[in-house]
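> The structure file work_12.txt (compact mmCIF, C-alpha atoms) is provided below.
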```
# COMPACT_ATOMS: atom_id res chain seq x y z
CA MET A 1 50.03 5.64 21.52
CA THR A 2 49.32 8.56 19.18
CA THR A 3 46.49 8.23 16.70
CA LEU A 4 45.36 10.53 13.91
CA VAL A 5 41.78 10.55 12.64
CA TYR A 6 41.80 12.65 9.49
CA GLY A 7 39.78 13.49 6.38
CA GLY A 8 36.37 13.52 8.04
CA ARG A 9 33.82 16.16 8.99
CA ILE A 10 33.73 16.80 12.72
CA VAL A 11 30.35 17.29 14.38
CA ASN A 12 30.69 19.00 17.75
CA GLU A 13 29.08 21.77 19.79
CA GLY A 14 26.72 22.94 17.05
CA ARG A 15 29.25 22.94 14.22
CA VAL A 16 30.12 20.67 11.30
CA TYR A 17 33.56 21.24 9.80
CA GLU A 18 36.42 19.44 8.10
CA GLY A 19 39.23 18.57 10.43
CA SER A 20 41.45 16.08 12.18
CA VAL A 21 41.47 14.68 15.70
CA ILE A 22 44.77 13.78 17.33
CA ILE A 23 44.65 11.23 20.16
CA ASP A 24 47.45 10.76 22.67
CA ASP A 25 46.92 7.57 24.69
CA ASP A 26 43.39 7.88 26.16
CA ARG A 27 42.73 11.57 25.52
CA ILE A 28 42.23 14.01 22.69
CA SER A 29 45.38 16.10 22.43
CA ASP A 30 44.34 18.39 19.59
CA ILE A 31 41.65 19.14 17.02
CA ILE A 32 42.85 20.82 13.85
CA GLU A 33 40.48 22.37 11.36
CA GLY A 34 41.06 22.02 7.64
CA LYS A 35 41.12 19.43 4.87
CA SER A 36 44.78 18.58 5.07
CA ALA A 37 46.01 15.98 7.51
CA PRO A 38 48.46 17.51 9.99
CA ARG A 39 52.04 16.37 9.71
CA GLY A 40 53.55 14.29 12.47
CA ASN A 41 54.63 10.83 13.53
CA TYR A 42 51.53 8.83 14.44
CA GLU A 43 51.50 5.20 15.49
CA LYS A 44 48.02 4.74 14.01
CA THR A 45 46.06 6.63 11.39
CA VAL A 46 42.39 6.36 10.48
CA ASP A 47 41.20 7.80 7.17
CA ALA A 48 37.71 9.21 7.79
CA THR A 49 37.23 10.60 4.29
CA GLY A 50 33.53 10.70 3.43
CA CYS A 51 32.64 10.17 7.09
CA PHE A 52 31.46 12.22 10.05
CA VAL A 53 33.40 12.19 13.31
CA LEU A 54 31.22 12.41 16.43
CA PRO A 55 31.73 12.15 20.18
CA GLY A 56 31.01 8.64 21.41
CA VAL A 57 27.34 8.12 22.20
CA ILE A 58 26.34 8.08 25.89
CA ASP A 59 23.35 5.80 26.52
CA GLU A 60 22.06 6.80 29.94
CA HIS A 61 19.34 4.13 30.08
CA VAL A 62 20.02 0.41 29.57
CA HIS A 63 19.09 -2.90 31.16
CA PHE A 64 21.98 -5.32 30.64
CA ARG A 65 20.29 -7.96 32.86
CA GLU A 66 23.36 -8.81 34.94
CA PRO A 67 23.30 -10.15 37.57
CA GLY A 68 20.41 -12.56 37.79
CA MET A 69 18.99 -12.61 34.25
CA THR A 70 21.99 -13.51 32.14
CA SER A 71 20.00 -15.89 29.98
CA LYS A 72 18.61 -12.71 28.40
CA ALA A 73 21.80 -10.64 28.24
CA ASP A 74 24.98 -9.82 30.11
CA ILE A 75 27.47 -6.99 30.39
CA ASP A 76 29.92 -8.67 28.02
CA SER A 77 27.44 -9.23 25.18
CA GLU A 78 25.56 -5.95 25.46
CA SER A 79 28.65 -3.77 25.81
CA ARG A 80 29.93 -5.45 22.64
CA ALA A 81 26.66 -4.48 20.93
CA ALA A 82 27.20 -0.94 22.24
CA ALA A 83 30.66 -0.73 20.66
CA TYR A 84 29.31 -1.97 17.32
CA GLY A 85 26.72 0.81 17.50
CA GLY A 86 29.10 3.66 18.33
CA VAL A 87 28.05 3.80 22.00
CA THR A 88 31.05 4.34 24.28
CA THR A 89 29.29 4.79 27.64
CA PHE A 90 26.22 3.22 29.27
CA PHE A 91 24.35 3.67 32.55
CA ASP A 92 22.69 0.45 33.68
CA MET A 93 19.43 0.38 35.60
CA PRO A 94 18.94 -1.24 39.04
CA ASN A 95 16.13 -3.76 38.37
CA THR A 96 18.43 -6.77 38.28
CA ILE A 97 18.56 -9.77 40.64
CA PRO A 98 19.47 -8.75 43.27
CA GLN A 99 18.23 -5.22 42.80
CA THR A 100 20.86 -2.48 42.99
CA THR A 101 19.37 -1.02 46.15
CA THR A 102 22.22 -1.67 48.61
CA LYS A 103 25.85 -0.59 48.59
CA GLU A 104 26.87 -4.27 48.39
CA ALA A 105 24.86 -4.80 45.21
CA LEU A 106 26.27 -1.60 43.72
CA TRP A 107 29.83 -2.64 44.53
CA ASP A 108 29.20 -6.02 42.90
CA LYS A 109 28.08 -4.28 39.70
CA TRP A 110 31.17 -2.07 39.69
CA GLU A 111 33.33 -5.19 39.89
CA ARG A 112 31.37 -6.84 37.08
CA GLY A 113 31.75 -3.75 34.92
CA LYS A 114 35.49 -3.69 35.53
CA ARG A 115 35.81 -7.36 34.53
CA GLU A 116 33.38 -7.54 31.65
CA SER A 117 32.46 -4.22 30.03
CA HIS A 118 34.03 -3.43 26.67
CA VAL A 119 32.96 0.23 26.92
CA ASN A 120 32.65 2.75 29.75
CA TYR A 121 30.07 2.00 32.41
CA SER A 122 28.13 3.24 35.39
CA PHE A 123 25.17 1.99 37.43
CA PHE A 124 22.16 3.75 38.91
CA PHE A 125 21.23 3.19 42.53
CA GLY A 126 17.61 2.12 42.92
CA ALA A 127 15.08 3.64 45.30
CA THR A 128 12.65 1.51 47.29
CA ASN A 129 9.92 2.29 49.81
CA ASP A 130 12.40 1.97 52.68
CA ASN A 131 16.03 2.41 51.57
CA VAL A 132 16.34 6.21 51.57
CA PRO A 133 18.82 6.21 54.52
CA SER A 134 21.27 4.28 52.33
CA PHE A 135 21.49 7.24 49.91
CA GLN A 136 23.86 8.82 52.45
CA GLU A 137 26.38 6.06 51.75
CA LEU A 138 26.63 6.86 48.04
CA ASP A 139 29.67 8.58 46.56
CA PRO A 140 28.26 11.24 44.16
CA HIS A 141 31.44 10.99 42.09
CA LEU A 142 30.65 7.35 41.25
CA VAL A 143 26.86 7.26 40.86
CA PRO A 144 24.88 9.03 38.10
CA GLY A 145 21.77 9.33 40.23
CA ILE A 146 18.79 7.63 41.84
CA LYS A 147 16.43 5.55 39.69
CA LEU A 148 12.85 5.70 40.91
CA PHE A 149 10.08 3.47 39.56
CA MET A 150 6.82 5.37 40.00
CA GLY A 151 5.16 2.61 38.03
CA ALA A 152 5.53 -1.17 38.09
CA SER A 153 7.71 -2.64 35.35
CA THR A 154 10.21 -5.46 34.93
CA GLY A 155 11.69 -6.26 38.35
CA ASN A 156 8.81 -4.88 40.44
CA MET A 157 10.69 -1.99 42.06
CA LEU A 158 7.55 0.11 42.43
CA VAL A 159 7.70 2.84 45.07
CA ASN A 160 4.05 3.41 45.93
CA ARG A 161 4.12 5.06 49.36
CA TYR A 162 3.63 8.81 49.17
CA GLY A 163 5.75 9.37 52.24
CA ALA A 164 8.62 7.45 50.66
CA LEU A 165 8.36 9.55 47.50
CA LEU A 166 8.65 12.71 49.55
CA GLN A 167 11.74 11.34 51.32
CA ILE A 168 13.37 10.29 48.05
CA PHE A 169 12.95 13.68 46.38
CA GLU A 170 14.03 15.60 49.48
CA THR A 171 17.09 13.46 50.24
CA ALA A 172 18.27 13.33 46.62
CA HIS A 173 18.13 17.14 46.49
CA GLN A 174 20.10 17.41 49.74
CA LEU A 175 22.79 15.10 48.36
CA GLY A 176 22.86 16.75 44.93
CA LEU A 177 21.87 13.53 43.14
CA PRO A 178 19.54 13.58 40.12
CA VAL A 179 16.38 11.49 40.27
CA VAL A 180 15.50 9.57 37.10
CA THR A 181 11.91 8.35 37.08
CA HIS A 182 9.88 5.69 35.33
CA CYS A 183 6.48 7.39 35.36
CA GLU A 184 3.31 5.33 34.98
CA ASP A 185 0.41 5.21 37.44
CA THR A 186 0.05 1.57 38.45
CA ASP A 187 -3.50 1.91 39.78
CA ILE A 188 -4.68 3.28 36.43
CA ILE A 189 -2.82 0.51 34.57
CA ASN A 190 -4.34 -2.21 36.78
CA ARG A 191 -7.82 -0.78 36.30
CA ASN A 192 -7.36 -0.62 32.53
CA MET A 193 -6.00 -4.17 32.41
CA ALA A 194 -8.98 -5.51 34.32
CA GLN A 195 -11.41 -3.76 31.98
CA VAL A 196 -9.68 -5.02 28.84
CA LYS A 197 -9.38 -8.57 30.18
CA ALA A 198 -13.09 -8.59 30.95
CA HIS A 199 -13.80 -8.17 27.22
CA GLU A 200 -10.74 -9.76 25.55
CA GLY A 201 -9.70 -12.62 27.82
CA ASP A 202 -6.68 -13.27 30.01
CA ASP A 203 -4.04 -12.30 27.43
CA PRO A 204 -5.42 -9.42 25.32
CA ASP A 205 -4.04 -8.74 21.86
CA ILE A 206 -0.94 -6.56 21.86
CA LYS A 207 -2.87 -3.72 20.20
CA TYR A 208 -4.43 -3.01 23.61
CA HIS A 209 -1.06 -2.37 25.27
CA PRO A 210 -1.18 1.44 24.78
CA ILE A 211 -4.77 1.44 26.00
CA ILE A 212 -3.80 -0.41 29.17
CA ARG A 213 -0.59 1.56 29.77
CA SER A 214 -2.40 4.69 28.70
CA GLU A 215 -1.67 8.35 28.19
CA GLU A 216 -3.52 9.04 31.44
CA ALA A 217 -1.30 6.61 33.35
CA CYS A 218 1.82 8.29 32.02
CA TYR A 219 0.73 11.89 32.44
CA THR A 220 -0.67 11.41 35.95
CA SER A 221 2.61 9.95 37.19
CA SER A 222 4.88 12.40 35.33
CA ALA A 223 2.88 15.36 36.64
CA LEU A 224 3.31 14.07 40.19
CA ALA A 225 7.06 13.65 39.71
CA VAL A 226 7.36 17.19 38.36
CA ALA A 227 5.33 18.58 41.27
CA LEU A 228 7.54 16.81 43.81
CA ALA A 229 10.71 18.00 42.09
CA LYS A 230 9.45 21.59 42.18
CA THR A 231 8.54 21.25 45.85
CA TYR A 232 12.03 20.14 46.90
CA GLY A 233 14.15 21.67 44.13
CA THR A 234 15.25 18.19 43.05
CA ARG A 235 17.06 17.62 39.77
CA LEU A 236 14.52 15.47 37.89
CA HIS A 237 14.93 13.62 34.60
CA VAL A 238 11.80 11.78 33.43
CA ALA A 239 12.76 8.67 31.47
CA HIS A 240 11.17 7.42 28.22
CA VAL A 241 8.47 10.07 27.80
CA SER A 242 5.92 8.54 25.42
CA THR A 243 3.05 11.02 25.03
CA ALA A 244 2.53 14.46 23.54
CA ARG A 245 0.62 15.51 26.65
CA GLU A 246 3.60 14.91 28.94
CA LEU A 247 5.81 17.16 26.84
CA GLY A 248 3.98 20.19 28.20
CA LEU A 249 5.64 19.53 31.53
CA PHE A 250 9.15 20.17 30.21
CA ASN A 251 9.39 23.59 28.63
CA LYS A 252 10.02 25.97 31.53
CA ASP A 253 12.34 24.60 34.23
CA GLU A 254 15.93 23.61 33.35
CA ASN A 255 16.00 21.56 36.55
CA ILE A 256 13.28 19.28 35.16
CA THR A 257 14.08 17.49 31.91
CA ALA A 258 12.85 14.66 29.71
CA GLU A 259 14.35 11.69 27.93
CA ALA A 260 12.99 10.14 24.75
CA VAL A 261 13.95 6.63 23.72
CA ILE A 262 14.36 5.08 20.29
CA SER A 263 11.27 2.85 20.44
CA HIS A 264 8.88 5.79 20.94
CA LEU A 265 10.65 7.92 18.33
CA TYR A 266 10.74 5.23 15.66
CA PHE A 267 7.56 3.16 16.06
CA SER A 268 3.87 3.99 16.56
CA ASP A 269 0.80 1.96 17.52
CA GLN A 270 0.31 1.25 13.80
CA ASP A 271 3.38 -0.99 13.94
CA TYR A 272 1.76 -3.46 16.37
CA VAL A 273 0.04 -5.00 13.32
CA THR A 274 3.36 -6.17 11.83
CA LYS A 275 5.73 -6.18 14.81
CA GLY A 276 3.39 -7.54 17.49
CA ALA A 277 4.93 -8.05 20.93
CA LEU A 278 8.44 -7.45 19.56
CA ILE A 279 7.79 -3.74 20.15
CA LYS A 280 6.02 -4.22 23.48
CA CYS A 281 7.73 -1.98 26.02
CA ASN A 282 6.87 0.03 29.13
CA PRO A 283 5.69 2.74 28.71
CA ALA A 284 3.80 1.50 25.66
CA ILE A 285 4.43 2.84 22.17
CA LYS A 286 1.55 5.24 21.62
CA THR A 287 -0.16 6.91 18.65
CA LEU A 288 1.35 8.30 15.48
CA SER A 289 0.51 11.83 16.66
CA ASP A 290 2.38 11.15 19.93
CA ARG A 291 5.39 9.97 17.94
CA GLU A 292 5.33 13.04 15.69
CA GLU A 293 5.15 15.39 18.68
CA LEU A 294 8.06 13.57 20.34
CA ARG A 295 10.05 14.01 17.16
CA ALA A 296 9.20 17.71 17.04
CA ALA A 297 10.36 18.01 20.65
CA LEU A 298 13.84 16.79 19.70
CA GLU A 299 14.55 20.07 17.95
CA ASP A 300 12.65 22.55 20.11
CA GLY A 301 14.29 21.56 23.42
CA ARG A 302 11.43 19.87 25.26
CA ILE A 303 13.42 16.63 24.97
CA THR A 304 16.90 16.91 26.47
CA THR A 305 18.39 13.45 25.86
CA VAL A 306 17.82 10.40 23.66
CA ALA A 307 18.59 6.92 25.01
CA THR A 308 17.45 3.38 24.26
CA ASP A 309 15.92 1.70 27.33
CA HIS A 310 17.77 -1.30 25.86
CA ALA A 311 16.07 -4.31 27.44
CA PRO A 312 16.68 -7.74 25.88
CA HIS A 313 14.53 -10.82 26.47
CA GLN A 314 14.76 -14.34 25.14
CA TRP A 315 12.63 -14.93 22.05
CA LYS A 316 10.27 -17.25 23.91
CA ASP A 317 9.49 -14.51 26.44
CA LYS A 318 8.33 -12.14 23.70
CA GLN A 319 5.49 -14.41 22.59
CA GLY A 320 1.92 -13.61 23.57
CA GLY A 321 -0.15 -10.50 24.18
CA CYS A 322 -0.51 -7.72 26.73
CA ALA A 323 -0.39 -9.97 29.78
CA ARG A 324 2.01 -12.72 28.75
CA ALA A 325 4.68 -11.20 26.50
CA ALA A 326 7.63 -9.55 28.24
CA SER A 327 8.17 -5.80 27.79
CA GLY A 328 11.42 -4.50 26.35
CA MET A 329 13.61 -4.78 23.27
CA PRO A 330 17.33 -4.67 22.40
CA MET A 331 18.21 -1.38 20.68
CA ILE A 332 21.69 -0.19 21.71
CA GLN A 333 23.45 -1.43 18.58
CA PHE A 334 21.01 0.38 16.31
CA SER A 335 20.19 3.60 18.17
CA LEU A 336 22.68 5.77 16.29
CA PRO A 337 21.72 4.43 12.81
CA VAL A 338 18.05 5.01 13.67
CA MET A 339 18.69 8.60 14.69
CA LEU A 340 20.85 9.19 11.62
CA GLU A 341 17.94 7.92 9.53
CA LEU A 342 15.75 10.55 11.20
CA VAL A 343 18.39 13.14 10.25
CA ASP A 344 18.03 12.04 6.62
CA GLU A 345 14.26 12.42 6.94
CA GLY A 346 14.62 15.99 8.18
CA VAL A 347 13.34 15.26 11.70
CA LEU A 348 16.42 16.81 13.31
CA THR A 349 19.86 18.08 12.37
CA LEU A 350 23.10 16.20 12.81
CA THR A 351 24.32 18.75 15.34
CA ARG A 352 21.13 18.34 17.36
CA LEU A 353 21.57 14.56 17.30
CA VAL A 354 25.02 14.97 18.81
CA ALA A 355 23.63 17.29 21.46
CA LEU A 356 20.88 14.83 22.42
CA MET A 357 23.02 11.67 22.46
CA CYS A 358 26.45 12.99 23.51
CA HIS A 359 26.65 16.54 24.88
CA ASN A 360 23.44 16.71 26.90
CA PRO A 361 23.82 13.41 28.78
CA ALA A 362 27.35 14.45 29.70
CA SER A 363 26.22 17.86 30.93
CA LEU A 364 23.02 16.69 32.65
CA PHE A 365 24.78 14.03 34.70
CA GLU A 366 27.97 16.09 35.06
CA ILE A 367 30.20 13.41 33.54
CA ARG A 368 33.86 14.23 33.78
CA ASP A 369 35.73 14.87 30.52
CA ARG A 370 33.40 13.06 28.13
CA GLY A 371 30.61 13.77 25.68
CA TYR A 372 32.46 16.44 23.67
CA LEU A 373 35.36 16.51 21.24
CA GLN A 374 37.73 18.80 23.12
CA PRO A 375 41.47 18.72 23.84
CA GLY A 376 42.02 17.13 27.23
CA TYR A 377 38.79 15.12 27.09
CA LYS A 378 38.72 11.34 26.97
CA ALA A 379 38.97 10.12 23.38
CA ASP A 380 35.52 8.54 23.05
CA ILE A 381 34.87 8.94 19.33
CA THR A 382 32.52 7.44 16.76
CA VAL A 383 33.05 7.60 13.00
CA VAL A 384 29.95 7.15 10.84
CA LYS A 385 29.52 7.03 7.08
CA PRO A 386 26.45 7.93 5.04
CA ASN A 387 25.39 6.19 1.81
CA SER A 388 26.64 2.83 3.10
CA PRO A 389 23.59 0.54 2.99
CA TRP A 390 23.42 -2.55 5.18
CA GLU A 391 20.70 -4.83 6.51
CA VAL A 392 19.88 -5.95 10.03
CA THR A 393 20.20 -9.74 10.05
CA LYS A 394 20.64 -12.30 12.81
CA ASP A 395 24.36 -12.52 12.02
CA VAL A 396 24.71 -8.76 12.49
CA ILE A 397 22.98 -8.65 15.90
CA GLN A 398 25.49 -8.67 18.75
CA SER A 399 23.02 -8.75 21.66
CA LYS A 400 22.84 -12.12 23.37
CA CYS A 401 19.14 -12.55 22.56
CA LYS A 402 19.93 -12.51 18.77
CA TRP A 403 16.69 -10.85 17.68
CA SER A 404 15.64 -7.30 16.90
CA PRO A 405 12.39 -5.56 15.95
CA LEU A 406 14.50 -4.01 13.17
CA SER A 407 15.39 -7.32 11.52
CA GLY A 408 15.20 -6.97 7.75
CA HIS A 409 15.50 -3.18 7.88
CA ARG A 410 18.09 -1.53 5.64
CA PHE A 411 20.00 1.41 7.08
CA ASN A 412 21.84 4.00 5.00
CA TRP A 413 24.35 5.04 7.69
CA GLN A 414 27.01 2.74 9.05
CA VAL A 415 29.22 2.95 12.12
CA LYS A 416 32.77 2.53 10.80
CA GLN A 417 34.94 3.00 13.91
CA THR A 418 34.43 3.31 17.65
CA PHE A 419 37.19 4.63 19.89
CA CYS A 420 36.82 4.12 23.63
CA ASN A 421 39.37 6.01 25.74
CA GLY A 422 41.54 6.34 22.64
CA HIS A 423 41.44 2.62 21.93
CA LEU A 424 40.06 1.52 18.56
CA ILE A 425 37.71 -1.12 19.92
CA TYR A 426 35.59 -1.47 16.76
CA ASP A 427 36.94 -1.04 13.24
CA GLU A 428 34.74 -1.90 10.24
CA GLY A 429 33.58 -5.26 11.56
CA HIS A 430 36.70 -6.03 13.60
CA PHE A 431 36.20 -6.02 17.36
CA ASP A 432 38.81 -6.10 20.13
CA SER A 433 37.20 -8.44 22.66
CA LEU A 434 40.10 -8.05 25.10
CA TYR A 435 39.59 -4.34 25.72
CA ARG A 436 37.79 -3.13 28.85
CA GLY A 437 36.22 0.28 29.37
CA GLU A 438 36.47 2.55 32.39
CA GLN A 439 34.13 3.41 35.23
CA ILE A 440 32.58 6.83 34.69
CA LEU A 441 33.36 9.64 37.11
CA PHE A 442 30.93 12.46 37.87
CA ARG A 443 30.92 16.03 39.15
```
In structure tokens, how does this file's structure come out?


Amino acid sequence: MTTLVYGGRIVNEGRVYEGSVIIDDDRISDIIEGKSAPRGNYEKTVDATGCFVLPGVIDEHVHFREPGMTSKADIDSESRAAAYGGVTTFFDMPNTIPQTTTKEALWDKWERGKRESHVNYSFFFGATNDNVPSFQELDPHLVPGIKLFMGASTGNMLVNRYGALLQIFETAHQLGLPVVTHCEDTDIINRNMAQVKAHEGDDPDIKYHPIIRSEEACYTSSALAVALAKTYGTRLHVAHVSTARELGLFNKDENITAEAVISHLYFSDQDYVTKGALIKCNPAIKTLSDREELRAALEDGRITTVATDHAPHQWKDKQGGCARAASGMPMIQFSLPVMLELVDEGVLTLTRLVALMCHNPASLFEIRDRGYLQPGYKADITVVKPNSPWEVTKDVIQSKCKWSPLSGHRFNWQVKQTFCNGHLIYDEGHFDSLYRGEQILFR
């Protein structure tokens, strides 16, 4: 099928210009600059007048909860939410049940993705204290990298043996696989929790969450990860950086990069008063000054990618304080509107947004033929429109959990269309539930 997307302003590789995108089956066949729609016989046309045409968003960091926790979410529901939000590719994390720490568990996830995912998919392989030999069995063309928990979080995949850490960084380098780390020092967190509980009781108020999962806990762990990566020459990407102090680790070595996620870019500790445990996540949302420095780092290059750490829970699990309430929130449907709101506020440019959410994830993980609007590339495309107000309500939310910390918020930008491999999967509220995405290929 040939499709013409015309009348919009294309945002790609540092430029914004009027033009048309021609799609032939699953790939972009041509991009033509200029206001006028190119002549030709097209089986489908999409009028993008007044809109911006972007590469499909690549969310390198999600927790879709399948298998084992499908009461919270599943691949079907969350990939639908992704399509509604202009996200055409996701990388799912390994802290499921069972954990994705064996080739059998990885194969099972591939099969689930093939059956259930409405957008393109891939799955990280998880490191443990004793599974490094299994890294040799991984096909680097099918796996984005190794996920390493250097701090305890949902799923308890903590790697806390120094010898195992050395093996993980050395072996990943030898195999040419990136290591993506969750960096928080568990000993510091446990000590802080004990101190707070001694004064505040068994389930301290949520306002203590960033004191318990502190700046010190984050920086200590991130600094260790960076030191190990430098020792072995490992490609390191530190996930969900949450503090200004950590950002000083990421301004010199292109082999060592940082991810920011929506929760830390949008909220601050001041929001615990109104949002409570709905914005409880690991690492914790920190101070307003931390948030402002993270935002500044979007433009100056200290942050390389922006993802969501999308992590749904049932409503009942989000009740309570620091000890009882679950950590994580669903954000994939709203990540692009949030970032576009930050564009309106002057935090970053539209071209930088596309670099952070599309180009850089594709380049960092060496994704084949995606993340850019180029002839010959897969036609993963998102069309967004400014000055189109809408409100986040329960009916709008596509995630299985049916809640959001953004409920009641009015956005000014709206995702109008999402193309996945040339297929118009989402079109102004209409969703093709029968479509299935493709497994991502690397390197």

> Counting all atoms listed in the file, which residues of stretch 25-64 of chain A sit at most 12 Å from some atom of stretch 389-413 of chain A, and what is each one's closest atom pair with its distance in Å to one decimal, listed by chain and rising residue number, as a tab-separated table?


```
residue	atom	partner	partner_atom	distance
A:Gly50	CA	A:Trp413	CA	11.6
A:Cys51	CA	A:Trp413	CA	9.8
A:Phe52	CA	A:Trp413	CA	10.4
A:His63	CA	A:Ser399	CA	11.8
A:Phe64	CA	A:Ser399	CA	9.7
```

> Around the point (12.6, 16.7, 32.8) (coordinates from the file), which residues reach within 10 Å if we count only C-alpha atoms? Answer as a count of residues only.

30

> Near A:Leu348, counting all atoms listed in the file, which residues have an atom at most 8 Å away, once you skip same-chain residues fewer than 5 positions from it, shown as a PDB file with C-alpha atoms, in the frame of the given file?


```pdb
ATOM      1  CA  ARG A 295      10.050  14.010  17.160  1.00  0.00           C
ATOM      2  CA  LEU A 298      13.840  16.790  19.700  1.00  0.00           C
ATOM      3  CA  GLU A 299      14.550  20.070  17.950  1.00  0.00           C
ATOM      4  CA  LEU A 342      15.750  10.550  11.200  1.00  0.00           C
ATOM      5  CA  VAL A 343      18.390  13.140  10.250  1.00  0.00           C
ATOM      6  CA  LEU A 353      21.570  14.560  17.300  1.00  0.00           C
TER       7      LEU A 353
END
```

> Select, from A:Phe442, A:Phe90, A:Phe123, A:Tyr232, the residue with the minimum atom-to-atom distance to A:Gly56, counting all atoms listed in the file.

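That would be A:Phe90, the residue with the smallest distance to A:Gly56.
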
> Would you mind telling me which residue in A:Ala325, A:Ala81, A:Met1, A:Leu138 lies nearest to A:Ser29 when using only C-alpha atoms?

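The closest residue to A:Ser29 is A:Met1.
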
> Looking at A:Val46, A:Val383, A:Cys322, A:Val57, which one is nearest to A:Asp202, with distances taken over all atoms listed in the file?

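Nearest to A:Asp202: A:Cys322.
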
> Using only C-alpha atoms, which of A:Leu177, A:Leu228, A:Leu4, A:Val261 sits nearest A:Ala48?

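Checking each candidate against A:Ala48, we get A:Leu4 as the closest.
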
> Please indicate the distance in Å from atom CA of A:Gly126 to atom CA of A:Gly145, rounded to one decimal place.

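Going from atom CA of A:Gly126 over to atom CA of A:Gly145 covers 8.7 Å.
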
> Could you jot down the atom CA of A:Glu341 to atom CA of A:Pro386 separation for me, Å, one decimal place?

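Atom-to-atom, atom CA of A:Glu341 to atom CA of A:Pro386, that is 9.6 Å.
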